[in-house]
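S.K.: The structure that follows is given in the form of structure tokens.
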Amino acid sequence: MKTRKPLPKKQNNALSPVSSPSVASSKQIALQEQRSKLPIAKGKDALIREFQEHDVTVLLGETGSGKTTQIPQYLLESGIARGGMIAVTQPRKVAATSLAIRVAAEQNVTLGTSVGYSVRFDERFSSETRIKYMTDGMIVRELMSDPLLSKYSVVIVDEAHERSLRTDLLIANLKTIQRQRNGFRDVKGKGKDKADAPNPLKIIIMSATLDAEKFGQFFSGAKILYVQGRQHPVKIYHSSQGQIDYVDAAMRTFYQIHTDYPPGDVLIFLPGQEDIESLERTIEMYAKQLPQDSLSVLICPMYAAQAAGQNSKVFLPAPPKTRKCILATNIAETSITIPGVKYVIDTGKCKEKRYLARNTGGGLDTLLTRDITQSSAMQRAGRAGREGSGHCFRLYTENAFKAMPLSAEPEIMRCSLSSSLLQLKCIGQDLEKLELMDQPAEESMKSSLIVLFLLGALNREKEITTVGRQMASFPLEPVYGRAIIASKDYDCTHEVLDIVSVLSASSKLFVESFEQRDAVSEARKKFRHVCGDHLTILNVVKAYQEIAQSEGKSNRKEWCRRHFLNERALLEASDIRDQLRQTCQRLGIDHSVSCGDKEDPIIFSLGHGLAMNIALLQPDGTYKQTIGQSIVKIHPSSALCDKKTPAIIYDELVYTNQIYARGVSRIPKSFIITLGALKQQS
DNA sequence: GAGCACTGC
């Protein structure tokens, strides 16, 4: 069995056949009873028949139907999966692992035997594994080594309505794979006969109820099935008029609930950290004026950039005579379920990151507050009905709700395509030719092709180059893969890996807190490097490694806290770095080569990757891109803000109020000329 | 001198 990380002991106890058989069997009986009570259990036989008859099934199930845990077991028990594996894909890692744990328990097997999972940095499966929960990113990677996914006889795509980039790529590939594996005859009778197919593939798409037809249409002839969920009723109230100040409206609604409604926790959805912090202040201010005999208020802010452990009180039951008030971003909509919530206040707003491609190559991200979608509003309301009936207060009118788009635009329409384009090139596919549910804009496609060409990943004929293949083998944005490859020539792979792994970690390195902003900037000065943010990151990594070597775990934590560093980001970066070192080894790049105290080699390596992200200082103090025409400002959080550095490279452009360059480093002008000369040659 | 939803390899 492959096991990279042992599970926490508590979970192991719950899974492995327990020493006392009577305990195990009573647990097992309880589990089986729960299984049989799930709404989906009634339809088991009918479902199995449908799966047998149809190659593609679209299953619409509300939350709580048990479809994600039960269907794979039905497929296994009924023999539909034959000798192959059943893959169940998830957009998020936690979902994949916790589902596997649950299903292993229901099957009464040890996790990693017949039921397993596979997510980045953590896997538990073996040659025996028949049901494998995995992230969609994982199975898309598997496509690169096994383009027909021949190990799997059934692929179940869960949460397909979320339309993540990887889900969309997977669905597109599944359609072509099925044609090849199952055999088909077109209208002219050409193609293979079904009977000849030795290893057919079944596809099951699972989605929330909205816009289901689309999946059915994409897989022409797919059978659409509905499963009832088990959700408690949620009473929904709309505002009679639109709210201009939703933070103020949320505060007033909260106190209305607090004084007029029975106990039960309140969950308030807000777009971002700034609003969360401001609402926290106003709620706290009025909490002091509450009458003596009323419930007290415990505020729990929750957003992704929080330091680890900061939000743990969210999951504990409210103390006696206290009402919990959770102020959350979208993190509470899909990623995290908070127990005890009876009331939801929905501002109707969220922040959306959207990539604007430029036909000069590259582009910029916008991060703006916008109205949510209808499906998101329903999801938010549903958070009040997890444990009993609940109430949802919408701070917008019913007409405003009806005017909202049904569901979010698929991610593929609003992100950079460079990485996917390159991955597909590796298996001889073209993103332009792939039959997708939604085709990205031509401009976005073109922009990514230019980026990949400028990075040397594609030649003029749009064919993948040797460098392109190397770049694709790194689990990174192509830009940083390119920087690592360049680092070989500048003898600084060690340093570049340190920096790039922090940049690609999903958690932020620096903890931001509005209240302690002065202390934060003071602590940050210690690591600041004159060359800019990339070398500042390197300083942090080096300092942390020194602490990690000499100090115990609790001191490490304390050190991070004192310096407003997010240890989770550093730990994640260290996992990524290990993975990148392995990739380097495969490609014959010595990852231990270091440039010592020299800075230029590091900057030059990064410069090869960030060649499209260069800007020059203008007389008025702003910067102008060398590719593209935008005027950009250095983000105030940067080490180089106000430093009047003549030429800079940057990780990304983000438009909020202005176009900001983030992750900025000084680069010698002479290097830009060299880079230009190199481009001429190619 | 100002602010950052969420995933994934």
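Chains: A, B, ... in order of the structure tokens. Residues: from 1 per chain. Ligands: from 1, in order shown.
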Give as number ranges by chain every residue of chain A that touches chain B within 9 Å, counting only C-alpha atoms (C1' of nucleotides).

M.R.: A: 91-93, 120, 135-138, 140-141, 164, 166, 271-274, 303-305, 329-331, 334-335, 350-353, 367, 474-476, 506, 512, 514, 635-637, 641-642

S.K.: Excluding same-chain residues fewer than 2 positions from Val115 in chain A, what lies within 7 Å of it counting only C-alpha atoms (C1' of nucleotides), as number ranges by chain?

M.R.: A: 100, 104, 111-113, 129-132

S.K.: Would you mind exporting the chosen residues as a PDB file, in the first residue's frame, restricted to C-alpha atoms?

M.R.:
ATOM      1  CA  ALA A 100     -12.812   7.905   1.164  1.00  0.00           C
ATOM      2  CA  ALA A 104     -14.036   2.649   3.727  1.00  0.00           C
ATOM      3  CA  LEU A 111      -8.564   2.701   4.128  1.00  0.00           C
ATOM      4  CA  GLY A 112      -6.169   2.119   1.247  1.00  0.00           C
ATOM      5  CA  THR A 113      -7.297  -1.435   0.511  1.00  0.00           C
ATOM      6  CA  THR A 129      -8.217  -0.504  -4.686  1.00  0.00           C
ATOM      7  CA  ARG A 130     -11.542  -0.500  -6.507  1.00  0.00           C
ATOM      8  CA  ILE A 131     -13.076   2.795  -5.410  1.00  0.00           C
ATOM      9  CA  LYS A 132     -10.696   5.729  -5.613  1.00  0.00           C
TER      10      LYS A 132
END

S.K.: Using only C-alpha atoms (C1' of nucleotides), which protein or nucleic acid residues come within 7 Å of range 418-430 of chain A? Drop anything in the same chain fewer than 2 positions from it, and give the result as a PyMOL selection string.

M.R.: chain A and resi 144+416+432-434+448+452+464+469+472+477-478

S.K.: Can you check which residues of range 196-429 of chain A DSSP gives as helix (DSSP H, G or I) on the backbone and send them as number ranges by chain?

M.R.: A: 196, 213-218, 246-260, 273-287, 312-315, 330-332, 374-382, 398-403, 411-413, 418-426

S.K.: For each of A:Asn657, A:Lys214, A:Phe393, A:Glu162, take the minimum atom-to-atom distance to Glu333 in chain A, counting only C-alpha atoms, then give the residue where this is smallest.

M.R.: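 Answer, going by the shortest atom-to-atom distance: A:Glu162.
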
S.K.: CA of Ala457 in chain A and CA of Tyr480 in chain A are how many Å apart?

M.R.: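 Distance reported for this atom pair: 12.3 Å.
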
S.K.: Taking 5 positions as the minimum chain separation for residues in the same chain, which residues sit within 8 Å of Ala318 in chain A when counting only C-alpha atoms (C1' of nucleotides)? Answer as a PyMOL selection string.

M.R.: chain A and resi 265+298+323-324

S.K.: What is the distance, in Å and to one decimal place, between CA of Thr466 in chain A and CA of Phe121 in chain A?

M.R.: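 Answer for the CA of Thr466 in chain A to CA of Phe121 in chain A separation: 27.0 Å.
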
S.K.: For CA of Ile672 in chain A and CA of Cys584 in chain A, quote the distance in Å rounded to one decimal.

M.R.: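 Spanning CA of Ile672 in chain A to CA of Cys584 in chain A is a straight-line distance of 26.7 Å.
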
S.K.: At a cut-off of 6 Å, using only C-alpha atoms (C1' of nucleotides), what residues contact range 57-70 of chain A? Leave out same-chain residues fewer than 6 positions from it and give the result as a list in words.

M.R.: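 My list of contacting residues is Pro39, Ile40, Ile204, Ile205, Met206, Ser207, Ala208, Thr209, Ala222, Lys223, Ile224, Leu225, Tyr226, Val227, Gly229 and Arg230 of chain A.
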
S.K.: For the residues in that selection, give me C-alpha atoms as a tab-separated table (two decimals), in the first residue's frame.

M.R.:
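Dumped everything to selection-v4.tsv:
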chain	number	residue	atom	x	y	z
A	39	PRO	CA	-32.82	9.15	0.49
A	40	ILE	CA	-30.91	7.50	-2.33
A	204	ILE	CA	-21.46	9.46	-14.39
A	205	ILE	CA	-21.77	13.22	-14.03
A	206	MET	CA	-23.06	14.43	-10.69
A	207	SER	CA	-24.36	17.94	-10.41
A	208	ALA	CA	-26.64	20.21	-8.43
A	209	THR	CA	-30.08	20.67	-9.86
A	222	ALA	CA	-27.14	10.75	-21.72
A	223	LYS	CA	-29.76	9.65	-19.26
A	224	ILE	CA	-30.71	12.29	-16.72
A	225	LEU	CA	-31.75	11.06	-13.28
A	226	TYR	CA	-32.94	12.96	-10.24
A	227	VAL	CA	-32.31	11.99	-6.64
A	229	GLY	CA	-32.00	15.26	-1.10
A	230	ARG	CA	-32.54	15.60	2.57

S.K.: Could you pull the residues within 9 Å of Phe269 in chain A, counting only C-alpha atoms (C1' of nucleotides), minus those fewer than 6 positions along the same chain, as an NGL selection string?

M.R.: :A and (276 or 326-330 or 332-333 or 344-350 or 380)

S.K.: If we count only C-alpha atoms (C1' of nucleotides) and set the cut-off at 8 Å, which residues sit around Tyr623 in chain A, ignoring sequence neighbours fewer than 3 positions away in its own chain? Please answer as a list in words.

M.R.: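 With the cut-off at 8 Å, the set is Ala615, Leu616, Leu617, Gln618, Ile631, Val632, Lys633 and Ile634 of chain A.
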
S.K.: Write down as number ranges by chain the residues belonging to range 200-394 of chain A that are assigned strand (DSSP E) by DSSP computed on the backbone.

M.R.: A: 202-207, 223-227, 234-238, 265-269, 296-302, 322-328, 341-346, 349-357, 363-371, 390-394
